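Novice: Dumping the structure here so I can ask a few things about it.
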Amino acid sequence: MDKQLIHFKIDGREFQVAPGQTILNVAEANGISIPTLCFSKKISRTTSCFVCLVKDAKTGRFLPSCSACPVEGGEYDSSTEEVTDMRRTALELLLSEHQGDCEAPCTIACPAHAQVEEYVRAGRKGEFLEALKIIKQRIPLPMSIGRVCPRFCEKDCRKNVTGEPVAINDFKRLAADMFYDTYMEELPPLSGKKVAIIGAGPAGLAAAYYLRLGGVASHIFDKQPAPGGMLRYGIPEYRLPKAILDKELAHFTEMGIEIECGKELGKDLKLAELASGYDAVVAAVGCWKPSSMYTEGEELAEQGIRWLEINNCGHTGNPGRTVVVGGGNTAMDCVRTAIRLGAPEVTCCYRRTEKEMPAEAIEIHEAKEEGVKFEFLCAPLKIRREGSELIMTCQRMTLGEPDASGRRKPVPVPGSEYDIKADTIIAAIGQATDAPEGFSTTRRGDIQVDSNSNLMIGNIFAAGDCISGAATVVEAVAGGRKAAVSILRMLGLTDEKPSRTINVSRGHWQKNNLTRENLVFLRSDVSDAERVQLDLIELTRRTSGFEEVSRTLHQSDIMAEGKRCIECSCTAKSDCKLKKHSETYGASTTRIGGKKLDSGYDSRHPAIIQDRMKCIKCGICVKICKEVVNQNLLSTKRRGFSTEVGAAYGNPLPCSCTECGQCIVECPVGALDWRLKE
Amino acid sequence: MTISDKIRKVRVGTASCGLAAGGAAVLDALRAQAPQLDIDEVGCIGHCYAEPTVEVITDAGSILYAGVDASDKAISSILGLGDAYRFHIPEARAQKELLKVLKLAGRINPVSLEEYMANGGYGALKKALDNTPEWVIDEMKKSGLRGRGGGGFPTGMKWSFLAAKQAEQKIMICNADEGDPGAFMDRSLMESVPHQMLEGMLIGAYGTGATRLFIYCRAEYPLAIKHLKIAIEQIYANGLNKINGRELEITIKEGAGAFVCGEETSMIASLEGRRGTPRFRPPFPTDRGWNGWPTSINNVETFGNVPLIIAEGADAYASVGTAGSKGTKLFALAGDLEFPGLVEVPMGTTLSEIVFGIGGADPEKVKAVQTGGPSGGCIPKELFDTPVDYDSLKSLGAIMGSGGMIVISNERCMVETARFFLDFTHRESCGKCTFCRVGTTRMYETLERIVAGNGVAADLEFLETMGKKVGKGSLCGLGQTAPNPVLATLRYFRHEYEKHVIDGQCPALQCNNLVDVYISKDKCIKCRLCIKNCPVNAISDDFVVDNSKCTRCNTCIEICPKKTIARAKKGECNCG
Amino acid sequence: MGNYDYLNEIGKEPGNLIKGLQAIQGHAGYVSDEGIAAAADYFGIAEVEVEGVLTFYAQFKRVKPGRNKISICDGTACHIKGSTQILDWVSTELGVKPGETDADGNFSLETVACLGCCSLAPVMSINGKIYGKLDRKNTVKILKEYRQS
């Protein structure tokens with residue numbers, strides 16, 4: 001009996017099996033993982049994807065393990081670098097013809113990778129608590145971010161192809177406002193570990209939040225009298241009222257997070273003591289040092305970030321004629337604050353043109369509405385005082401060649417000097433990190449960390465503006481979460497890895513000139529209505545005080561807005577084998593390029609979507625329908641690169657297919673899938 | 001018109017090349033002028049460059065006329081045994097060629113069983129039937145015959161596998177799907193002596209116990225199919241298909257245009273009425289083939305060799321050739337040479353003897369030869385001393401293949417040649433396996449970029465690594481060999497690739513995006529033909545080509561009576 | 001529904017499907033949806049499968065070809081001898097791209113892998129008749145003859 005068994009090795013492990021078993025069968029049964037896309041136990045083998053290759057060490061040939069049976073004395077490699085490389089190449093070749101959106105562009109664009117499509121879908125259905133839960137998986141400060149986010153997601157929203165993007169951020173604001181006092185996360189028991197966090201701004205708060213969700217307590221120290229960091233001291237009241245911020249911060253205290261204010265690192269706290277007294281330390285000290293204009297008389301000007309800080313603590317009074325130098329969001333906060341303080345004339349001086357301004361378009365627009373004047377192509381040379389007046393000598397600029405940032409570089413126009421008179425001049429041209437002692441820094445002066453884990457050294461981590469330079473709240477919370485996950489991993493409390501995800505994309509709506517034909521509509525009720533309008537307070541109220549500039553939108557409006565969402569992401573994003581194996585094997589979506597099939601998706605069937613652009617031509621569905629279901633509704637057509645799978649004469653599948661769906665279950669990539677996303 | 005009384009018989013070559021060259025008109029003219037003569041249509045004598053050919057048989061021997069037409073001058077010379085149009089086989093070819101398989105090609109009426117039998121036809125079958133099937137298999141093994149279709153698997157061995165099978169039905173298939181674009185050995189043999197390969201099949205059926213015979217032939221070969229059909233009817237009528245006590249059915253199946261069907265498992269799928277996609281082996285066709293029955297597939301030329309082996313004996317057959325490759329081989333010579341055609345030489349003849357000697361190619365102008373078609377590779381002139389056999393060609397990165405041999409001159413760009421082959425294979429890929437379907441496409445796109453002048457140095461690296469991976473990661477021979485033309489040109493002509501991607505130049509001046517067209521004014525006679533014929537009005541009234549408009553269609557170059565218009569390296573022409 | 005009685009001359013076993021499709025194309029010049037349905041019915045094979053087989057093979061046409069079928073050989077020998085230019089010339093002369101039929105239904109143009117007349121390269125065939133050793137002059141002349149007829 002024993003003589004009939006076949007003796008062979010996979011990766012040096014000895015096996016003896018009865019004839020007729022494939023190498024893949026044996027490997028699977030013995031815990032050796034071999035990736036495959038085209039293999040299904042339900043049907044005769046297709047031998048098409050070649051991702052399951054193993055090497056026959058004796059002949060040097062590569063064999064598809066799904067089809068090759070071991071021979072007596074055979075030795076097969078399944079984990080050598082050569083085999084891995086062949087599998088990776090097979091995956092990359094498939095990726096090079098595979099078209100779809102593993103993830104929706106909005107989620108990819110969001111620095112925190114919030115599941116945008118999912119919470120917008122919940123909002124569309126009126127399930128705002130569900131939406132909030134999804135949001136808080138990545139955004140622990142939805143009330144604040146729902147008000148101040150520059151909306152990276154909306155800039156990449158595919159709705160831009162046909163009109164204005166979905167008003168995504170307003171979903172966060174509404175969901176958070178609705179449940180701020182009733183919602184509480186399910187908190188796991190504390191593990192006994194404790195982390196010190198320096199800085200109660202967005203990054204520090206986010207780190208504390210995700211640590212707590214992982215069962216770790218934290219103690220936040222902040223040098224300011226009240227928590228919030230830039231949210232409190234940088235962002236003006238009219239954008240983020242302090243009352244709202246206090247509500248949001250109260251939630252952190254309710255979660256048991258300790259926040260201790262008036263404690264400054266280097267003064268009241270010593271890094272070494274924190275590092276030894278706590279299981280880990282997170283430095284989230286922000287980016288507070290104003291940049292210099294390098295002009296004579298600079299000391300006569302206010303520093304934008306400081307000026308905002310003072311105004312956030314109690315108003316400075318009417319600044320008189322005000323000139324703000326700079327074109328970023330801080331400059332916009334300054335001009336609009338000056339207006340609200342009663343300044344009779346507010347001018348923003350920027351050395352490039354409006355097109356190059358880093359500030360958000362909406363901020364510029366609203367500033368203009370409020371009466372701010374803009375002086376473009378204007379750079380300060382020197383500032384002097386003449387009596388009670390400040391005189392700023394400026395120089396006209398013109399735009400030259402694009403610089404490293406891609407924006408056209410301003411070049412001075414000789415002999416174009418002129419003077420501007422003002423009572424207050426505010427320099428809002430950027431900030432730098434003021435790294436506390438004991439931190440290693442980058443050339444720019446930011447704290448240096450490992451970019452995968454945010455680890456600086458030992459058990460000291462950093463997050464937020466202090467490692468990136470001045471950025472946005474949403475980027476800060478993303479960094480805080482990254483530090484928290486790294487700490488949880490270090491403490492052995494999570495196995496979440498710094499994920500290597502791949503993303504196949506149908507392209508950027510603008511850079512790739514997408515048209516309506518490129519969009520995939522799974523729902524038939526995707527609305528073409530106009531974007532919901534902001535609910536701004538009257539202009540007179542805006543220019544006369546610090547009342548919040550816009551109101552939270554109404555539920556019904558947001559639900560209607562949700563109908564505008566196309567829901568771009570792949571229906572199979574959670575169970576796509578191509579994505580899974582590509583991530584495991586480090587396959588790149590861009591290493592191999594080339595033409596892709598232009599035959600589009602087919603959504604004529606009421607319940608099933610057939611997307612030939614995703615199809616990897618494995619032929620499983622054809623065989624399932626023929627061999628298992630005995631229906632024979634699908635066939636492989638044409639050949640070579642143009643090979644495609646479809647029903648007869650290019651017709652959709654019959655409606656009766658809804659009751660079977662076996663091809664959908666077996667499709668490795670979601671080329672055949674239910675149209676509904678849940 | 002005088003008709004010589006010495007003429008006993010006239011043969012006019014009306015195989016495909018003969019017909020294309022005007023053979024039918026010559027035949028009609030001869031019949032009209034000399035209705036009393038025995039004027040016969042025959043196949044191809046292999047000297048395609050000389051078509052149409054006419055052979056006049058006299059008591060004193062045969063006289064060949066070549067390059068004839070239906071004119072009175074030609075016809076009267078033929079019928080009067082005049083000197084005009086007389087043809088003598090070039091000395092070099094007469095010396096090197098050894099006509100064994102092609103001995104009767106062009107010498108007998110293809111559809112005359114009598115003529116075939118009068119020349120010894122079906123003698124081998126009779127001899128085989130007088131011996132045991134085991135004897136046939138032994139002879140085949142001893143002969144050392146290897147499959148002529150490309151793989152070079154020993155035929156006797158394959159037959160012995162089939163012979164050993166105990167099954168109700170056993171199938172023998174003749175692969176006549178000559179898919180290599182540039183090869184026409186099989187077509188010529190089927191058109192000229194259809195009975196020869198059929199006799200080989202019948203002997204094979206006897207030796208292996210095959211119960212059913214198929215011929216899978218390209219639909220593009222209508223004349224071959226016609227002749228085969230007639231020959232099969234003759235076989236049936238004369239009971240030649242009574243083998244092992246059965247009347248064997250011989251079925252011709254016309255292929256429908258798929259190169260991959262030359263692959264045995266694909267061919268079987270196609271014969272079963274399915275898409276011609278290959279499957280993983282084992283099981284091999286000799287275990288599970290057509291409709292599940294044990295099956296052996298051999299190529300036309302292989303079957304064409306069988307009657308010789310049986311008739312003259314394995315030892316005599318094996319006395320020709322090299323240690324590992326026995327017998328003769330047919331080659332379809334084409335491309336840049338003086339005497340294109342079909343040749344038969346002993347295995348081991350060198351490439352230079354074939355290309356320069358028989359083909360009359362100019363050693364100064366030739367740079368390489370491509371053997372094995374899209375699955376093969378190019379061999380540079382420097383290596384033409386290589387004897388042609390299975391193993392030495394393989395060691396050079398080429399393959400014997402079915403026997404297509406394309407001579408490539410200095411005026412051809414090797415990158416463009418590689419692009420051409422990849423264009424073919426990527427379109428012929430069945431689309432089943434990832435490496436072949438996508439890999440060959442990506443390689444093709446890269447080559448397209450390079451010949452369009454948009455290549456970068458990294459493309460060469462990509463072609464090399466991807467080429468090797470496609471070879472290793474493909475299921476069937478098509479994918480495994482598809483990268484060969486690229487890998488071989490990269491091996492021997494890397495400098496041409498580098499010129500394209502680094503200097504933006506095509507040394508052979510073939511790649512349109514990398515050349516300019518210019519008119520050298522000193523010889524120009526201002527006839528304005530170029531201006532008038534330029535389809536895009538790219539030539540100015542003072543005879544300057546606007547190269548931004550010019551599509552490099554070559555119309556002006558072809559039409560210029562003084563040959564003053566030429567291609568030049570981009571930006572380097574003396575356009576003034 | 002057209003008359004497909006001629007299929008009855010062919011055995012009904014599925015292995016003859018390609019032969020059946022060749023017969024349909026032989027009669028109609030191409031295989032229409034109706035032709036697919038007829039073959040599917042005759043051989044007892046699902047229509048979608050017949051379509052799969054049909055579209056695999058280069059020989060089969062799904063659209064009606066022109067009265068004059070021009071096939072430009074792009075085999076290796078012809079390619080080496082300049083078939084690309086021949087194709088260009090014919091295409092420009094007739095205003096048809098490969099794979100297309102002109103508006104009058106007069107000419108359809110295609111490239112084929114090899115006509116097996118490599119020694120006469122470059123060659124083309126019109127309605128099955130082979131023309132060899134083409135250059136611009138004789139190509140244009142040959143086309144003219146078909147245009148007039």
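Chain labels A, B, ... are given in the sequence in which chains occur in the structure tokens; within each chain residues are numbered consecutively from 1, and ligands are likewise numbered from 1 in the order shown.
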Please identify every residue of chain A that has at least one atom no farther than 8 Å from an atom of chain B, counting only C-alpha atoms, and for each give the shortest atom pair and the distance in Å to one decimal, arranged by chain then increasing number, as a Markdown table.

Specialist:
```
| residue | atom | partner | partner_atom | distance |
| --- | --- | --- | --- | --- |
| A:Thr47 | CA | B:Phe280 | CA | 7.2 |
| A:Ser48 | CA | B:Cys433 | CA | 4.4 |
| A:Cys49 | CA | B:Thr434 | CA | 5.4 |
| A:Phe50 | CA | B:Thr434 | CA | 6.4 |
| A:Leu53 | CA | B:Gly473 | CA | 7.8 |
| A:Arg61 | CA | B:Lys472 | CA | 6.8 |
| A:Phe62 | CA | B:Lys472 | CA | 6.1 |
| A:Leu63 | CA | B:Gly473 | CA | 7.7 |
| A:Ser67 | CA | B:Phe280 | CA | 6.8 |
| A:Ala68 | CA | B:Phe280 | CA | 7.7 |
| A:Met86 | CA | B:Lys469 | CA | 7.0 |
| A:Ala90 | CA | B:Thr434 | CA | 6.4 |
| A:Leu93 | CA | B:Val438 | CA | 5.9 |
| A:Leu94 | CA | B:Thr434 | CA | 6.8 |
| A:Glu97 | CA | B:Val438 | CA | 7.4 |
| A:Ile592 | CA | B:Arg442 | CA | 7.8 |
| A:Gly593 | CA | B:Arg442 | CA | 7.4 |
| A:Gly594 | CA | B:Arg442 | CA | 6.2 |
| A:Lys617 | CA | B:Lys432 | CA | 7.0 |
| A:Cys618 | CA | B:Lys432 | CA | 7.3 |
| A:Arg639 | CA | B:Cys430 | CA | 5.0 |
| A:Gly640 | CA | B:Gly431 | CA | 3.8 |
| A:Phe641 | CA | B:Arg437 | CA | 5.4 |
| A:Ser642 | CA | B:Gly431 | CA | 7.6 |
| A:Thr643 | CA | B:Gly431 | CA | 5.8 |
```

Novice: Can you write out the residues you just picked, keeping N, CA and C atoms, as a PDB file, in the first residue's frame?

Specialist:
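Now in again_11.pdb:
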```pdb
ATOM      1  N   THR A  47      -6.345  26.919 -14.525  1.00  0.00           N
ATOM      2  CA  THR A  47      -4.914  27.148 -14.796  1.00  0.00           C
ATOM      3  C   THR A  47      -4.702  28.433 -15.584  1.00  0.00           C
ATOM      4  N   SER A  48      -5.093  29.541 -15.022  1.00  0.00           N
ATOM      5  CA  SER A  48      -4.922  30.754 -15.816  1.00  0.00           C
ATOM      6  C   SER A  48      -4.172  31.873 -15.117  1.00  0.00           C
ATOM      7  N   CYS A  49      -4.268  31.989 -13.777  1.00  0.00           N
ATOM      8  CA  CYS A  49      -3.699  33.197 -13.174  1.00  0.00           C
ATOM      9  C   CYS A  49      -2.194  33.115 -12.972  1.00  0.00           C
ATOM     10  N   PHE A  50      -1.694  31.910 -12.754  1.00  0.00           N
ATOM     11  CA  PHE A  50      -0.249  31.709 -12.578  1.00  0.00           C
ATOM     12  C   PHE A  50       0.328  32.463 -11.388  1.00  0.00           C
ATOM     13  N   LEU A  53       2.353  29.810  -8.777  1.00  0.00           N
ATOM     14  CA  LEU A  53       3.552  29.124  -9.260  1.00  0.00           C
ATOM     15  C   LEU A  53       4.422  28.591  -8.129  1.00  0.00           C
ATOM     16  N   ARG A  61      11.860  24.176 -13.706  1.00  0.00           N
ATOM     17  CA  ARG A  61      10.657  24.727 -14.341  1.00  0.00           C
ATOM     18  C   ARG A  61       9.693  25.274 -13.296  1.00  0.00           C
ATOM     19  N   PHE A  62       8.929  26.258 -13.707  1.00  0.00           N
ATOM     20  CA  PHE A  62       7.874  26.781 -12.839  1.00  0.00           C
ATOM     21  C   PHE A  62       6.569  26.082 -13.179  1.00  0.00           C
ATOM     22  N   LEU A  63       5.849  25.682 -12.140  1.00  0.00           N
ATOM     23  CA  LEU A  63       4.619  24.925 -12.355  1.00  0.00           C
ATOM     24  C   LEU A  63       3.457  25.612 -11.657  1.00  0.00           C
ATOM     25  N   SER A  67      -2.514  22.895 -10.703  1.00  0.00           N
ATOM     26  CA  SER A  67      -2.729  21.866 -11.712  1.00  0.00           C
ATOM     27  C   SER A  67      -1.662  20.785 -11.702  1.00  0.00           C
ATOM     28  N   ALA A  68      -0.473  21.117 -11.194  1.00  0.00           N
ATOM     29  CA  ALA A  68       0.623  20.157 -11.243  1.00  0.00           C
ATOM     30  C   ALA A  68       0.531  19.203 -10.058  1.00  0.00           C
ATOM     31  N   MET A  86       8.295  35.764  -9.046  1.00  0.00           N
ATOM     32  CA  MET A  86       7.413  35.363 -10.153  1.00  0.00           C
ATOM     33  C   MET A  86       5.944  35.614  -9.787  1.00  0.00           C
ATOM     34  N   ALA A  90       3.361  38.126 -11.618  1.00  0.00           N
ATOM     35  CA  ALA A  90       2.040  37.723 -12.124  1.00  0.00           C
ATOM     36  C   ALA A  90       0.975  38.689 -11.597  1.00  0.00           C
ATOM     37  N   LEU A  93       1.271  42.053 -13.332  1.00  0.00           N
ATOM     38  CA  LEU A  93       0.728  42.005 -14.689  1.00  0.00           C
ATOM     39  C   LEU A  93      -0.793  42.100 -14.631  1.00  0.00           C
ATOM     40  N   LEU A  94      -1.401  41.386 -13.684  1.00  0.00           N
ATOM     41  CA  LEU A  94      -2.858  41.464 -13.547  1.00  0.00           C
ATOM     42  C   LEU A  94      -3.285  42.866 -13.123  1.00  0.00           C
ATOM     43  N   GLU A  97      -3.668  45.416 -15.897  1.00  0.00           N
ATOM     44  CA  GLU A  97      -4.845  45.448 -16.773  1.00  0.00           C
ATOM     45  C   GLU A  97      -6.134  45.629 -15.961  1.00  0.00           C
ATOM     46  N   ILE A 592       4.292  48.066 -13.578  1.00  0.00           N
ATOM     47  CA  ILE A 592       4.072  47.709 -14.980  1.00  0.00           C
ATOM     48  C   ILE A 592       2.897  48.537 -15.481  1.00  0.00           C
ATOM     49  N   GLY A 593       3.125  49.264 -16.545  1.00  0.00           N
ATOM     50  CA  GLY A 593       2.049  50.104 -17.077  1.00  0.00           C
ATOM     51  C   GLY A 593       1.662  49.631 -18.457  1.00  0.00           C
ATOM     52  N   GLY A 594       0.664  50.255 -19.025  1.00  0.00           N
ATOM     53  CA  GLY A 594       0.266  49.919 -20.385  1.00  0.00           C
ATOM     54  C   GLY A 594      -1.220  50.105 -20.561  1.00  0.00           C
ATOM     55  N   LYS A 617      -9.911  37.520 -16.145  1.00  0.00           N
ATOM     56  CA  LYS A 617     -10.047  36.439 -17.131  1.00  0.00           C
ATOM     57  C   LYS A 617      -9.710  35.065 -16.589  1.00  0.00           C
ATOM     58  N   CYS A 618     -10.005  34.813 -15.332  1.00  0.00           N
ATOM     59  CA  CYS A 618      -9.669  33.511 -14.758  1.00  0.00           C
ATOM     60  C   CYS A 618     -10.634  32.448 -15.251  1.00  0.00           C
ATOM     61  N   ARG A 639      -9.795  36.775 -27.759  1.00  0.00           N
ATOM     62  CA  ARG A 639      -8.592  36.130 -27.247  1.00  0.00           C
ATOM     63  C   ARG A 639      -7.518  37.165 -26.976  1.00  0.00           C
ATOM     64  N   GLY A 640      -6.386  36.699 -26.488  1.00  0.00           N
ATOM     65  CA  GLY A 640      -5.270  37.591 -26.206  1.00  0.00           C
ATOM     66  C   GLY A 640      -5.662  38.644 -25.197  1.00  0.00           C
ATOM     67  N   PHE A 641      -5.092  39.812 -25.359  1.00  0.00           N
ATOM     68  CA  PHE A 641      -5.347  40.883 -24.407  1.00  0.00           C
ATOM     69  C   PHE A 641      -6.815  41.313 -24.427  1.00  0.00           C
ATOM     70  N   SER A 642      -7.482  41.095 -25.566  1.00  0.00           N
ATOM     71  CA  SER A 642      -8.894  41.515 -25.676  1.00  0.00           C
ATOM     72  C   SER A 642      -9.865  40.506 -25.089  1.00  0.00           C
ATOM     73  N   THR A 643      -9.361  39.429 -24.533  1.00  0.00           N
ATOM     74  CA  THR A 643     -10.240  38.410 -23.959  1.00  0.00           C
ATOM     75  C   THR A 643     -11.218  39.050 -22.983  1.00  0.00           C
TER      76      THR A 643
END
```

Novice: Could you name the residues that touch A:Arg212 at 12 Å or less, counting only C-alpha atoms, but leaving out those on the same chain fewer than 5 positions away, as JSON, numbers by chain?

Specialist: {"A": [140, 185, 186, 187, 188, 189, 190, 191, 192, 193, 194, 195, 205, 206, 207, 217, 218, 219, 252, 253, 254, 255, 256, 257, 258, 481, 484, 485, 487, 488, 493]}

Novice: Using only C-alpha atoms, select each residue of chain A with any atom at most 10 Å away from an atom of chain C, and give the selection as a PDB file with N, CA and C atoms, in the first residue's frame.

Specialist:
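Contents of selection.pdb, as written:
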```pdb
ATOM      1  N   VAL A 622     -17.383  31.340 -15.733  1.00  0.00           N
ATOM      2  CA  VAL A 622     -17.854  30.567 -16.888  1.00  0.00           C
ATOM      3  C   VAL A 622     -18.064  29.116 -16.478  1.00  0.00           C
ATOM      4  N   LYS A 626     -21.441  26.799 -15.965  1.00  0.00           N
ATOM      5  CA  LYS A 626     -21.615  25.623 -16.805  1.00  0.00           C
ATOM      6  C   LYS A 626     -21.587  24.321 -15.987  1.00  0.00           C
ATOM      7  N   GLN A 631     -26.160  26.173 -16.233  1.00  0.00           N
ATOM      8  CA  GLN A 631     -26.920  27.182 -16.959  1.00  0.00           C
ATOM      9  C   GLN A 631     -26.218  27.641 -18.228  1.00  0.00           C
ATOM     10  N   ASN A 632     -24.871  27.652 -18.197  1.00  0.00           N
ATOM     11  CA  ASN A 632     -24.141  28.012 -19.406  1.00  0.00           C
ATOM     12  C   ASN A 632     -24.504  29.397 -19.935  1.00  0.00           C
ATOM     13  N   LEU A 633     -24.507  30.376 -19.051  1.00  0.00           N
ATOM     14  CA  LEU A 633     -24.908  31.719 -19.467  1.00  0.00           C
ATOM     15  C   LEU A 633     -23.718  32.604 -19.818  1.00  0.00           C
ATOM     16  N   LEU A 634     -22.527  32.155 -19.457  1.00  0.00           N
ATOM     17  CA  LEU A 634     -21.355  32.993 -19.667  1.00  0.00           C
ATOM     18  C   LEU A 634     -20.347  32.257 -20.521  1.00  0.00           C
ATOM     19  N   SER A 635     -19.543  33.034 -21.226  1.00  0.00           N
ATOM     20  CA  SER A 635     -18.468  32.421 -21.996  1.00  0.00           C
ATOM     21  C   SER A 635     -17.311  33.399 -22.097  1.00  0.00           C
ATOM     22  N   THR A 636     -16.114  32.833 -22.284  1.00  0.00           N
ATOM     23  CA  THR A 636     -14.959  33.659 -22.581  1.00  0.00           C
ATOM     24  C   THR A 636     -15.015  33.985 -24.059  1.00  0.00           C
ATOM     25  N   LYS A 637     -14.788  35.245 -24.379  1.00  0.00           N
ATOM     26  CA  LYS A 637     -14.860  35.639 -25.779  1.00  0.00           C
ATOM     27  C   LYS A 637     -13.569  36.288 -26.230  1.00  0.00           C
ATOM     28  N   ARG A 638     -13.386  36.304 -27.531  1.00  0.00           N
ATOM     29  CA  ARG A 638     -12.164  36.851 -28.145  1.00  0.00           C
ATOM     30  C   ARG A 638     -10.943  36.165 -27.567  1.00  0.00           C
ATOM     31  N   ARG A 639      -9.795  36.775 -27.759  1.00  0.00           N
ATOM     32  CA  ARG A 639      -8.592  36.130 -27.247  1.00  0.00           C
ATOM     33  C   ARG A 639      -7.518  37.165 -26.976  1.00  0.00           C
ATOM     34  N   GLY A 640      -6.386  36.699 -26.488  1.00  0.00           N
ATOM     35  CA  GLY A 640      -5.270  37.591 -26.206  1.00  0.00           C
ATOM     36  C   GLY A 640      -5.662  38.644 -25.197  1.00  0.00           C
ATOM     37  N   THR A 643      -9.361  39.429 -24.533  1.00  0.00           N
ATOM     38  CA  THR A 643     -10.240  38.410 -23.959  1.00  0.00           C
ATOM     39  C   THR A 643     -11.218  39.050 -22.983  1.00  0.00           C
ATOM     40  N   GLU A 644     -12.467  38.669 -23.072  1.00  0.00           N
ATOM     41  CA  GLU A 644     -13.436  39.158 -22.092  1.00  0.00           C
ATOM     42  C   GLU A 644     -14.488  38.094 -21.824  1.00  0.00           C
ATOM     43  N   VAL A 645     -15.147  38.258 -20.697  1.00  0.00           N
ATOM     44  CA  VAL A 645     -16.151  37.287 -20.297  1.00  0.00           C
ATOM     45  C   VAL A 645     -17.512  37.969 -20.325  1.00  0.00           C
ATOM     46  N   GLY A 646     -18.490  37.294 -20.878  1.00  0.00           N
ATOM     47  CA  GLY A 646     -19.807  37.916 -20.899  1.00  0.00           C
ATOM     48  C   GLY A 646     -20.887  36.934 -21.291  1.00  0.00           C
ATOM     49  N   ALA A 647     -22.106  37.422 -21.253  1.00  0.00           N
ATOM     50  CA  ALA A 647     -23.257  36.630 -21.675  1.00  0.00           C
ATOM     51  C   ALA A 647     -23.415  36.769 -23.189  1.00  0.00           C
ATOM     52  N   ALA A 648     -24.321  35.997 -23.750  1.00  0.00           N
ATOM     53  CA  ALA A 648     -24.474  35.945 -25.197  1.00  0.00           C
ATOM     54  C   ALA A 648     -24.784  37.312 -25.803  1.00  0.00           C
ATOM     55  N   TYR A 649     -24.167  37.597 -26.934  1.00  0.00           N
ATOM     56  CA  TYR A 649     -24.405  38.809 -27.724  1.00  0.00           C
ATOM     57  C   TYR A 649     -24.225  40.097 -26.916  1.00  0.00           C
ATOM     58  N   GLY A 650     -23.425  40.026 -25.857  1.00  0.00           N
ATOM     59  CA  GLY A 650     -23.217  41.235 -25.061  1.00  0.00           C
ATOM     60  C   GLY A 650     -24.425  41.628 -24.234  1.00  0.00           C
ATOM     61  N   ASN A 651     -25.375  40.711 -24.076  1.00  0.00           N
ATOM     62  CA  ASN A 651     -26.564  41.006 -23.267  1.00  0.00           C
ATOM     63  C   ASN A 651     -26.227  40.918 -21.785  1.00  0.00           C
TER      64      ASN A 651
END
```

Novice: I need the chain B residues near chain C as a VMD selection string; criterion: at most 7 Å, counting only C-alpha atoms.

Specialist: chain B and resid 16 to 17 20 to 21 48 to 49 181 to 184 220 256 to 258 271 to 275 334 to 335 340 to 341 406 553

Novice: Just want the 6 Å neighbourhood of C:Val31, counted on only C-alpha atoms, with same-chain residues fewer than 4 positions away dropped. Output as a tab-separated table (two decimals) with C-alpha atoms, in the first residue's frame.

Specialist:
```tsv
chain	number	residue	atom	x	y	z
C	25	GLN	CA	-19.54	32.06	-43.22
C	35	GLY	CA	-26.03	32.35	-37.70
C	62	ARG	CA	-19.11	39.16	-37.42
```

Novice: If you count only C-alpha atoms, which residues fall within 12 Å of A:Asp557, apart from same-chain ones fewer than 2 positions away, as a list in words?

Specialist: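 With the cut-off at 12 Å, the set is Gly123, Arg124, Lys125, Gly126, Val166, Ala167, Asp170, Phe171, Leu174, Ala529, Glu530, Arg531, Val532, Gln533, Leu534, Asp535, Thr552, Leu553, His554, Gln555, Met559, Ala560, Glu561, Gly562, Lys563 and Arg564 of chain A.
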
Novice: Would you kindly return, as a VMD selection string, each protein, DNA or RNA residue with an atom no farther than 8 Å from any atom of stretch 315-332 of chain A, considering only C-alpha atoms and excluding same-chain residues fewer than 2 positions away?

Specialist: chain A and resid 304 to 305 310 to 313 334 to 336 338 341 to 351 357 to 360 363 to 364 367 380 422 to 430

Novice: In terms of the shortest atom-to-atom distance over only C-alpha atoms, which of C:Leu134, C:Ala39, C:Ile126, C:Ala23 is closest to C:Arg67?

Specialist: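 Answer, going by the shortest atom-to-atom distance: C:Ile126.
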